[in-house]
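Following: one structure in structure tokens, then a few remarks.
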Amino acid sequence: MAETANTSDRLDPGVRDHIIKRTSVIGIFGNLVLSAIKISVGFISGSFALIGDGIDSLTDVLTSSITLFTGAISNKPPDLEHPYGHGRAETIATKLLSFIIFFAGAQLALAAVEHLISQEPRSIPSPIAYAAIGISIVGKILLAVNKYRAGRRVSSPMLIADAKNMQNDVYISLSVLIGLFFTIQLQMPILDSITTLFVSAWIIRSAYMIFTETSVELMDGLDSSELYSEVFRIVKQVGGVVNPHKTRIRKLNNVYIIDMDIEVDGALTVTEGHKIAKAAEHALREQIHDIYDVNIHIEPVGNIEKHENFGVSEDLLKKE
């Protein structure tokens with residue numbers, strides 16, 4: 001998720017962990033309250049769509065619990081089995097969230113279809129359902145804003161994904177509100193089931209979007225070429241650097257790992273070449289925030305290794 005890059009200086013891991021935990025706890029209790037209100041009022045008022053919306057909020061309790069648990073793992077220091085640290089735990093958790101959200105949407109869709117084809121008579125929902133939906137909309141907006149701000153502050157794709165999920169919940173509640181209005185006004189209970197089907201489709205779409213976004217990071221990819229352009233611009237300004245190429249940038253949760261080759265004058269000593277590489281690394285760390293590690297390989301000017309066809313060069317970047 002490129003939008004988390006370069007937003008702020010890296011926070012202390014302890015502060016970051018505290019923000020993630022606090023935000024997750026707020027999400028757990030907030031969604032638990034909203035879910036209880038919507039499910040109970042849904043049964044009382046006879047609105048199947050409102051019950052479905054409540055079930056969706058119940059899955060948000062689970063997603064917030066996962067973010068709470070994962071936040072403690074991701075900030076653990078590197079060890080023998082995980083020399084790069086445990087940051088990818090958040091990415092894996094985000095992927096897991098997409099499956100949970102998809103399952104909730106699919107179950108809701110099946111229930112909606114069953115009600116549509118059922119011949120059982122349905123009652124008109126009670127207007128009390130309006131109040132529950134109104135509370136849900138306000139509550140979800142507050143929870144989404146809180147999670148998104150926290151996610152941006154600590155550069156957490158997991159929190160941002162959960163914030164997007166809650167933002168989608170606002171649209172879901174709005175659609176339920178519209179469906180309730182027409183159901184009650186037109187005295188057509190079938191509209192409640194149709195609204196529920198729309199809600200389930202929206203949930204499934206949200207799950208798919210989160211799933212695809214995390215796939216880029218897990219495949220060691222980068223969803224934007226802008227960072228590559230910035231890396232080339234910075235390194236070329238360092239004296240002695242020629243032809244930066246074979247550059248690879250990986251996302252590790254909220255930080256980046258940069259591997260690249262540069263060419264230097266072949267007549268230089270090892271110490272002189274090392275100083276140029278260190279100067280390039282220092283320039284990158286000074287101008288690009290959220291860098292975890294930089295690995296620079298030195299080659300003599302004009303060196304060609306045709307079998308090494310990986311990485312990004314400026315020529316490839318221009319073609320793309």
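In the structure tokens, each chain is lettered A, B, ... as it comes, each chain's residues begin at 1, and ligands are numbered from 1 in order of appearance.
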Show which residues sit within 10 Å of range 216-229 of chain A, as a PyMOL selection string. Count only C-alpha atoms, and ignore same-chain residues fewer than 2 positions away. chain A and resi 1-3+5-6+88+91-92+95+211-214+231-234+247-253+256-258+288+312-314+317-318+320
For range 162-177 of chain A, work out the shell of residues within 9 Å, counting only C-alpha atoms and skipping chain neighbours fewer than 2 positions away, then give it as a compact mmCIF listing (two decimals) with C-alpha atoms, in the first residue's frame.
# COMPACT_ATOMS: atom_id res chain seq x y z
CA ALA A 49 -31.02 -6.40 6.49
CA LEU A 50 -30.34 -4.79 9.88
CA ASP A 53 -25.46 -5.32 9.08
CA ASP A 56 -20.95 -7.53 9.59
CA SER A 57 -20.10 -5.39 12.63
CA ASP A 60 -15.23 -6.25 12.71
CA THR A 63 -10.74 -8.12 12.72
CA SER A 64 -9.92 -5.64 15.49
CA THR A 67 -4.97 -6.38 14.74
CA THR A 94 -4.39 -8.27 6.70
CA LEU A 97 -8.88 -10.30 7.43
CA ILE A 101 -14.68 -10.51 5.54
CA ALA A 129 -34.78 0.17 12.95
CA TYR A 130 -34.10 3.73 11.75
CA ILE A 133 -29.00 2.46 11.63
CA GLY A 134 -28.47 6.12 12.55
CA SER A 136 -24.42 2.69 13.37
CA ILE A 137 -23.57 5.28 10.73
CA VAL A 138 -22.26 7.80 13.27
CA GLY A 139 -20.35 5.13 15.20
CA LYS A 140 -18.75 3.60 12.09
CA ILE A 141 -17.61 7.00 10.82
CA LEU A 143 -14.24 4.28 14.26
CA ALA A 144 -13.08 4.47 10.62
CA VAL A 145 -11.55 7.94 11.08
CA ASN A 146 -9.78 6.85 14.27
CA LYS A 147 -8.30 3.74 12.64
CA TYR A 148 -7.29 5.54 9.46
CA ARG A 149 -5.52 8.33 11.33
CA GLY A 151 -2.78 3.73 10.50
CA PRO A 157 -1.32 -1.22 6.20
CA MET A 158 -3.22 -3.52 8.57
CA LEU A 159 -4.94 -0.61 10.37
CA ILE A 160 -5.57 1.23 7.11
CA GLY A 179 -33.73 -0.17 1.90
CA LEU A 180 -35.63 0.17 5.16
CA PHE A 181 -37.17 3.44 4.03
CA PHE A 182 -38.57 1.97 0.82
CA ASP A 192 -35.31 -5.79 2.76
CA THR A 195 -30.93 -4.71 0.24
CA THR A 196 -29.30 -7.52 2.20
CA PHE A 198 -26.55 -5.71 -2.07
CA VAL A 199 -24.86 -5.43 1.33
CA SER A 200 -23.32 -8.90 0.97
CA TRP A 202 -20.33 -4.91 -1.10
CA ILE A 203 -18.70 -6.93 1.71
CA SER A 206 -14.20 -5.15 0.06
CA ALA A 207 -12.61 -8.51 0.89
CA ILE A 210 -7.91 -6.06 0.60
Picked from range 118-271 of chain A by DSSP as helix (DSSP H, G or I), as a ChimeraX atom specification: /A:129-154,157-186,190-218,226-236,270-271
Distance CA of Pro83 in chain A-CA of Ser24 in chain A, one decimal place?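 Computing the Euclidean distance for CA of Pro83 in chain A and CA of Ser24 in chain A yields 27.1 Å.
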Which parts of range 107-275 of chain A does DSSP call strand (DSSP E or B) when run on the backbone here, written out as a ChimeraX atom specification? /A:242-252,255-264
Please produce a file of those selected residues containing C-alpha atoms, as an mmCIF file, in the first residue's frame.
data_model
loop_
_atom_site.group_PDB
_atom_site.id
_atom_site.type_symbol
_atom_site.label_atom_id
_atom_site.label_comp_id
_atom_site.auth_asym_id
_atom_site.auth_seq_id
_atom_site.Cartn_x
_atom_site.Cartn_y
_atom_site.Cartn_z
ATOM 1 C CA VAL A 242 27.469 5.877 -12.096
ATOM 2 C CA ASN A 243 24.581 3.915 -13.585
ATOM 3 C CA PRO A 244 22.476 2.811 -10.603
ATOM 4 C CA HIS A 245 20.685 -0.350 -11.734
ATOM 5 C CA LYS A 246 19.368 -3.767 -10.741
ATOM 6 C CA THR A 247 17.357 -1.996 -8.026
ATOM 7 C CA ARG A 248 14.893 -3.959 -5.928
ATOM 8 C CA ILE A 249 12.614 -2.405 -3.321
ATOM 9 C CA ARG A 250 10.653 -4.596 -0.938
ATOM 10 C CA LYS A 251 7.982 -3.566 1.528
ATOM 11 C CA LEU A 252 8.299 -5.027 5.013
ATOM 12 C CA VAL A 255 9.348 -0.027 6.114
ATOM 13 C CA TYR A 256 11.350 -0.600 2.925
ATOM 14 C CA ILE A 257 14.386 -2.706 2.044
ATOM 15 C CA ILE A 258 16.410 -1.358 -0.891
ATOM 16 C CA ASP A 259 18.902 -3.501 -2.822
ATOM 17 C CA MET A 260 20.763 -1.989 -5.760
ATOM 18 C CA ASP A 261 23.946 -2.033 -7.838
ATOM 19 C CA ILE A 262 26.004 1.045 -8.667
ATOM 20 C CA GLU A 263 29.087 1.500 -10.830
ATOM 21 C CA VAL A 264 32.195 3.381 -9.692
#
